[in-house]
Amino acid sequence: MAGRPGAPTGPGRPVPPAAGPFSAWHDVPRSQVRQFAALAMAEVPVLAEEILGKIRRDYPHLPVILDDSGEPKSLVGIRRAIEVFIQHLETAEGAPRVHPEVFQDFGRGEGLGGRSLDSLQAIYRLGVRLAWRRLTEIGQRVDIPPPAMYELADAGYEYLDGLVEASVRGYAEAAARQAGERLRLQRKLMELLLAERATHPTAGPEGAHGPYGPPEFAATLAERAARIGWPLPTHVAAGVLLRPAREAVAPAVGQGVLLDMEAERPRMVVPDPDAAGRPELLRRAMTGWSGAIGPPVPLVDAAKSLRWAEAAVRLMERGLLPAGDVLHCTEHTQALVLLQPEELIDDLARRALAPLADCGRTHGRRLAETLLAWLETRGGAPEVAVRLGVHPQTVRYRLRQIRELWGDAVDDPDRRFELELVLRAQRLRGDLGNAP
């Protein structure tokens, strides 16, 4: 069956471009075509009103947008689309084309209204059915042969495809604009949440100003969150990601997780990080990515969680924390606490371990490992020997040396704590092991 009527190939006779060797419309006398077109054109105003009325009854959610003259834009679009199609039947010059702006506006309106294109396409099909019913009646009145009318129906649906295509372009444009605007608003919200602020005086677990900070900050926070439909959680965790590749696609973290991919190191804010199913969802979404998620904190303290995540990433890059995955700071608290204030720990180590300065590198390391094992076990030589994998007599010898070097200081609780602290930090760095 032929497609839409096209350019004339004979003396004034319209022939569908895809008609091939035969076209029933080609055989319709020109006078009949003109009569058909004239009657159809006279019906356009009433037909357009009828189509719009039916659409409004079946789809009451559609907004009514008026043009500059106060006439519904949808009515103008329907009327113009039918007129162009009928005019083409008479002139048969090229394919019937209607200016796409109106139909792009229809698609754009569906996108901005948060609706799918399914309803819009259903509306178009409804309009074509009603128009075709009227054109069929006119065709019977002027004796257009049924095969020619079938070709006309095919042409109408091809014409509809063009209108749908224009609407899809408008819809895609609106969707892209909305997505871009949402990302912009989301970044503004994240900037507010992750900005360093002076600590507010607290009064109880939620602070003097409530769970979302002082009134002015809370109002701004609520306004920015509402603009993207983000329910304010009581607790969040902030994360820092390392891109697996320069053009890596953003991880599918879910609607509720705020993600800023514009930063050199993408950042995210996870609402209610301990909620049921959230950790598993993030684990699956982050496959192939590495980075760190900070500890859960009250919403107003999101910047604190971000600081720990950034510290963890720095340790990952130095090889002091496992890389290759997105780790949770709460699972590496000891390393973060002992390794993150590096200068302070180093200074404490120089003072606390000063007695080992003259023992030589290898022997000093063995004494340090023995001292740490003794501090951790709080046991005698046999227990320490098992931990180190050496003979108890070796441990007794080393413990006597430790006692000689530190004297009564190893019995002081504060000094013992300092020693264990710096020795654990050195072990985390790889400076100590359990070698004999």
# chains A, B, ... in the order shown; residues from 1 in each chain; ligands from 1
$ residues_around --residues "Asp143 of chain A" --least-positions-apart "6" --cutoff "12 Å" --atoms "only C-alpha atoms" --output "ChimeraX atom specification"
/A:28-29,31-33,35-36,135-137,149
$ residues_around --residues "segment 258-275 of chain A" --least-positions-apart "3" --cutoff "8 Å" --atoms "only C-alpha atoms" --output "PyMOL selection string"
chain A and resi 183+186-187+190+233-243+250+255+278-279+296+302
$ write_last_selection --atoms "C-alpha atoms" --output "PDB file, in the first residue's frame"
ATOM      1  CA  LEU A 183      21.903  19.066  38.597  1.00  0.00           C
ATOM      2  CA  GLN A 186      21.561  19.734  43.440  1.00  0.00           C
ATOM      3  CA  ARG A 187      25.084  21.166  43.354  1.00  0.00           C
ATOM      4  CA  MET A 190      25.515  20.110  48.209  1.00  0.00           C
ATOM      5  CA  PRO A 233      17.111  13.334  56.439  1.00  0.00           C
ATOM      6  CA  THR A 234      18.267  13.475  60.044  1.00  0.00           C
ATOM      7  CA  HIS A 235      21.653  11.908  59.264  1.00  0.00           C
ATOM      8  CA  VAL A 236      23.907  11.762  56.220  1.00  0.00           C
ATOM      9  CA  ALA A 237      27.288  10.459  55.156  1.00  0.00           C
ATOM     10  CA  ALA A 238      29.473  12.331  52.675  1.00  0.00           C
ATOM     11  CA  GLY A 239      31.677  10.535  50.171  1.00  0.00           C
ATOM     12  CA  VAL A 240      34.580  11.228  47.822  1.00  0.00           C
ATOM     13  CA  LEU A 241      35.052   9.139  44.674  1.00  0.00           C
ATOM     14  CA  LEU A 242      38.054   8.457  42.455  1.00  0.00           C
ATOM     15  CA  ARG A 243      37.182   8.101  38.765  1.00  0.00           C
ATOM     16  CA  ALA A 250      28.177   8.316  36.879  1.00  0.00           C
ATOM     17  CA  GLN A 255      17.347   9.114  43.353  1.00  0.00           C
ATOM     18  CA  ARG A 278      21.179   1.366  51.591  1.00  0.00           C
ATOM     19  CA  PRO A 279      24.689  -0.116  52.113  1.00  0.00           C
ATOM     20  CA  PRO A 296      27.154   9.058  59.531  1.00  0.00           C
ATOM     21  CA  ALA A 302      27.883  16.843  56.627  1.00  0.00           C
TER      22      ALA A 302
END
$ residues_around --residues "segment 72-77 of chain A" --least-positions-apart "6" --cutoff "7 Å" --atoms "only C-alpha atoms" --output "PyMOL selection string"
chain A and resi 48-49+52+64-66+102
$ residues_around --residues "segment 394-407 of chain A" --least-positions-apart "3" --cutoff "12 Å" --atoms "only C-alpha atoms" --output "PyMOL selection string"
chain A and resi 351-359+363-375+379-391+410-412+415-416+419+436
$ closest_residue --among "A:Phe417, A:Leu120, A:Asp346, A:Gly277" --to "Gly170 of chain A" --atoms "only C-alpha atoms"
A:Leu120
$ residues_around --residues "Ala222 of chain A" --least-positions-apart "6" --cutoff "9 Å" --atoms "only C-alpha atoms" --output "list of chain:residue names"
A:Tyr212, A:Trp230, A:Pro231, A:Leu232
$ select_by_dssp --residues "segment 385-436 of chain A" --states "helix (DSSP H, G or I)" --output "PyMOL selection string"
chain A and resi 385-388+392-411+413-429
$ write_last_selection --atoms "N, CA and C atoms" --output "compact mmCIF listing (two decimals), in the first residue's frame"
# COMPACT_ATOMS: atom_id res chain seq x y z
N ALA A 385 55.35 -14.62 73.37
CA ALA A 385 56.11 -15.49 72.46
C ALA A 385 55.19 -16.09 71.41
N VAL A 386 54.02 -16.52 71.83
CA VAL A 386 53.05 -17.09 70.87
C VAL A 386 52.66 -16.04 69.83
N ARG A 387 52.44 -14.81 70.30
CA ARG A 387 52.02 -13.75 69.39
C ARG A 387 53.11 -13.43 68.36
N LEU A 388 54.38 -13.46 68.82
CA LEU A 388 55.48 -13.11 67.93
C LEU A 388 56.04 -14.31 67.18
N PRO A 392 59.93 -18.32 74.23
CA PRO A 392 59.68 -17.50 75.42
C PRO A 392 60.95 -16.91 76.02
N GLN A 393 62.06 -17.66 75.93
CA GLN A 393 63.30 -17.14 76.50
C GLN A 393 63.78 -15.89 75.77
N THR A 394 63.53 -15.88 74.45
CA THR A 394 63.88 -14.69 73.66
C THR A 394 63.06 -13.49 74.12
N VAL A 395 61.79 -13.75 74.40
CA VAL A 395 60.91 -12.67 74.87
C VAL A 395 61.38 -12.16 76.22
N ARG A 396 61.77 -13.07 77.13
CA ARG A 396 62.21 -12.64 78.45
C ARG A 396 63.46 -11.75 78.34
N TYR A 397 64.34 -12.13 77.43
CA TYR A 397 65.54 -11.32 77.23
C TYR A 397 65.19 -9.92 76.74
N ARG A 398 64.27 -9.87 75.77
CA ARG A 398 63.90 -8.57 75.22
C ARG A 398 63.14 -7.73 76.25
N LEU A 399 62.29 -8.37 77.05
CA LEU A 399 61.53 -7.62 78.06
C LEU A 399 62.45 -7.03 79.12
N ARG A 400 63.54 -7.76 79.45
CA ARG A 400 64.52 -7.21 80.41
C ARG A 400 65.19 -5.97 79.83
N GLN A 401 65.48 -6.03 78.53
CA GLN A 401 66.09 -4.87 77.88
C GLN A 401 65.13 -3.69 77.87
N ILE A 402 63.85 -3.98 77.58
CA ILE A 402 62.83 -2.91 77.57
C ILE A 402 62.73 -2.27 78.94
N ARG A 403 62.77 -3.08 79.97
CA ARG A 403 62.70 -2.56 81.34
C ARG A 403 63.92 -1.68 81.63
N GLU A 404 65.07 -2.08 81.13
CA GLU A 404 66.28 -1.29 81.34
C GLU A 404 66.21 0.04 80.60
N LEU A 405 65.64 0.01 79.39
CA LEU A 405 65.59 1.23 78.58
C LEU A 405 64.57 2.23 79.11
N TRP A 406 63.39 1.77 79.50
CA TRP A 406 62.31 2.68 79.91
C TRP A 406 62.18 2.79 81.44
N GLY A 407 62.71 1.84 82.14
CA GLY A 407 62.60 1.88 83.58
C GLY A 407 61.15 1.77 84.03
N ASP A 408 60.83 2.51 85.09
CA ASP A 408 59.48 2.45 85.66
C ASP A 408 58.41 3.08 84.76
N ALA A 409 58.84 3.76 83.66
CA ALA A 409 57.87 4.43 82.77
C ALA A 409 56.92 3.42 82.15
N VAL A 410 57.37 2.16 81.96
CA VAL A 410 56.49 1.18 81.33
C VAL A 410 55.38 0.74 82.28
N ASP A 411 55.45 1.14 83.52
CA ASP A 411 54.39 0.82 84.47
C ASP A 411 53.38 1.96 84.62
N PRO A 413 50.44 4.16 83.47
CA PRO A 413 49.35 3.97 82.49
C PRO A 413 49.40 4.97 81.33
N ASP A 414 49.71 6.23 81.59
CA ASP A 414 49.74 7.22 80.51
C ASP A 414 50.87 6.92 79.52
N ARG A 415 52.06 6.56 80.06
CA ARG A 415 53.17 6.25 79.17
C ARG A 415 52.90 4.99 78.37
N ARG A 416 52.29 3.99 79.02
CA ARG A 416 51.94 2.75 78.30
C ARG A 416 50.97 3.06 77.16
N PHE A 417 49.99 3.94 77.41
CA PHE A 417 49.03 4.31 76.37
C PHE A 417 49.73 5.00 75.20
N GLU A 418 50.65 5.93 75.51
CA GLU A 418 51.39 6.62 74.45
C GLU A 418 52.20 5.64 73.62
N LEU A 419 52.87 4.73 74.29
CA LEU A 419 53.69 3.74 73.59
C LEU A 419 52.84 2.87 72.67
N GLU A 420 51.72 2.39 73.20
CA GLU A 420 50.86 1.55 72.36
C GLU A 420 50.31 2.34 71.18
N LEU A 421 49.98 3.59 71.43
CA LEU A 421 49.42 4.44 70.37
C LEU A 421 50.41 4.59 69.22
N VAL A 422 51.64 4.99 69.52
CA VAL A 422 52.60 5.23 68.45
C VAL A 422 53.05 3.92 67.79
N LEU A 423 53.13 2.84 68.56
CA LEU A 423 53.54 1.57 67.98
C LEU A 423 52.45 1.00 67.07
N ARG A 424 51.19 1.16 67.45
CA ARG A 424 50.10 0.74 66.56
C ARG A 424 50.11 1.56 65.27
N ALA A 425 50.37 2.86 65.38
CA ALA A 425 50.44 3.69 64.19
C ALA A 425 51.57 3.24 63.27
N GLN A 426 52.72 2.90 63.85
CA GLN A 426 53.83 2.43 63.02
C GLN A 426 53.51 1.10 62.34
N ARG A 427 52.80 0.24 63.05
CA ARG A 427 52.41 -1.03 62.45
C ARG A 427 51.44 -0.80 61.27
N LEU A 428 50.51 0.13 61.45
CA LEU A 428 49.57 0.44 60.36
C LEU A 428 50.31 0.97 59.14
N ARG A 429 51.38 1.70 59.36
CA ARG A 429 52.16 2.22 58.24
C ARG A 429 53.06 1.16 57.59
$ residues_around --residues "Arg318 of chain A" --least-positions-apart "5" --cutoff "12 Å" --atoms "only C-alpha atoms" --output "PDB file with C-alpha atoms, in the first residue's frame"
ATOM      1  CA  ALA A 311      41.373  11.884  54.729  1.00  0.00           C
ATOM      2  CA  ALA A 312      40.634   8.244  53.898  1.00  0.00           C
ATOM      3  CA  VAL A 313      41.170   8.863  50.183  1.00  0.00           C
ATOM      4  CA  ALA A 323      42.265   0.750  47.367  1.00  0.00           C
ATOM      5  CA  LEU A 339      47.386   7.908  60.705  1.00  0.00           C
ATOM      6  CA  GLN A 340      45.501  11.046  59.854  1.00  0.00           C
ATOM      7  CA  ARG A 429      52.165   2.221  58.242  1.00  0.00           C
ATOM      8  CA  GLY A 430      54.073  -1.011  57.735  1.00  0.00           C
TER       9      GLY A 430
END
$ atom_distance --atom1 "atom CA of Glu191 of chain A" --atom2 "atom CA of Arg224 of chain A"
10.7 Å
$ residues_around --residues "Glu43 of chain A" --least-positions-apart "2" --cutoff "10 Å" --atoms "only C-alpha atoms" --output "list in words"
Ala37, Ala38, Leu39, Ala40, Met41, Pro45, Val46, Leu47, Ala48, Ile82, Glu83, Ala131, Arg134, Leu135 and Ile138 of chain A
$ closest_residue --among "A:Glu280, A:Trp25, A:Gly324, A:Ile345" --to "Ala292 of chain A" --atoms "only C-alpha atoms"
A:Gly324
$ closest_residue --among "A:Ala218, A:Tyr171, A:Arg361, A:Thr330" --to "Trp308 of chain A" --atoms "only C-alpha atoms"
A:Thr330
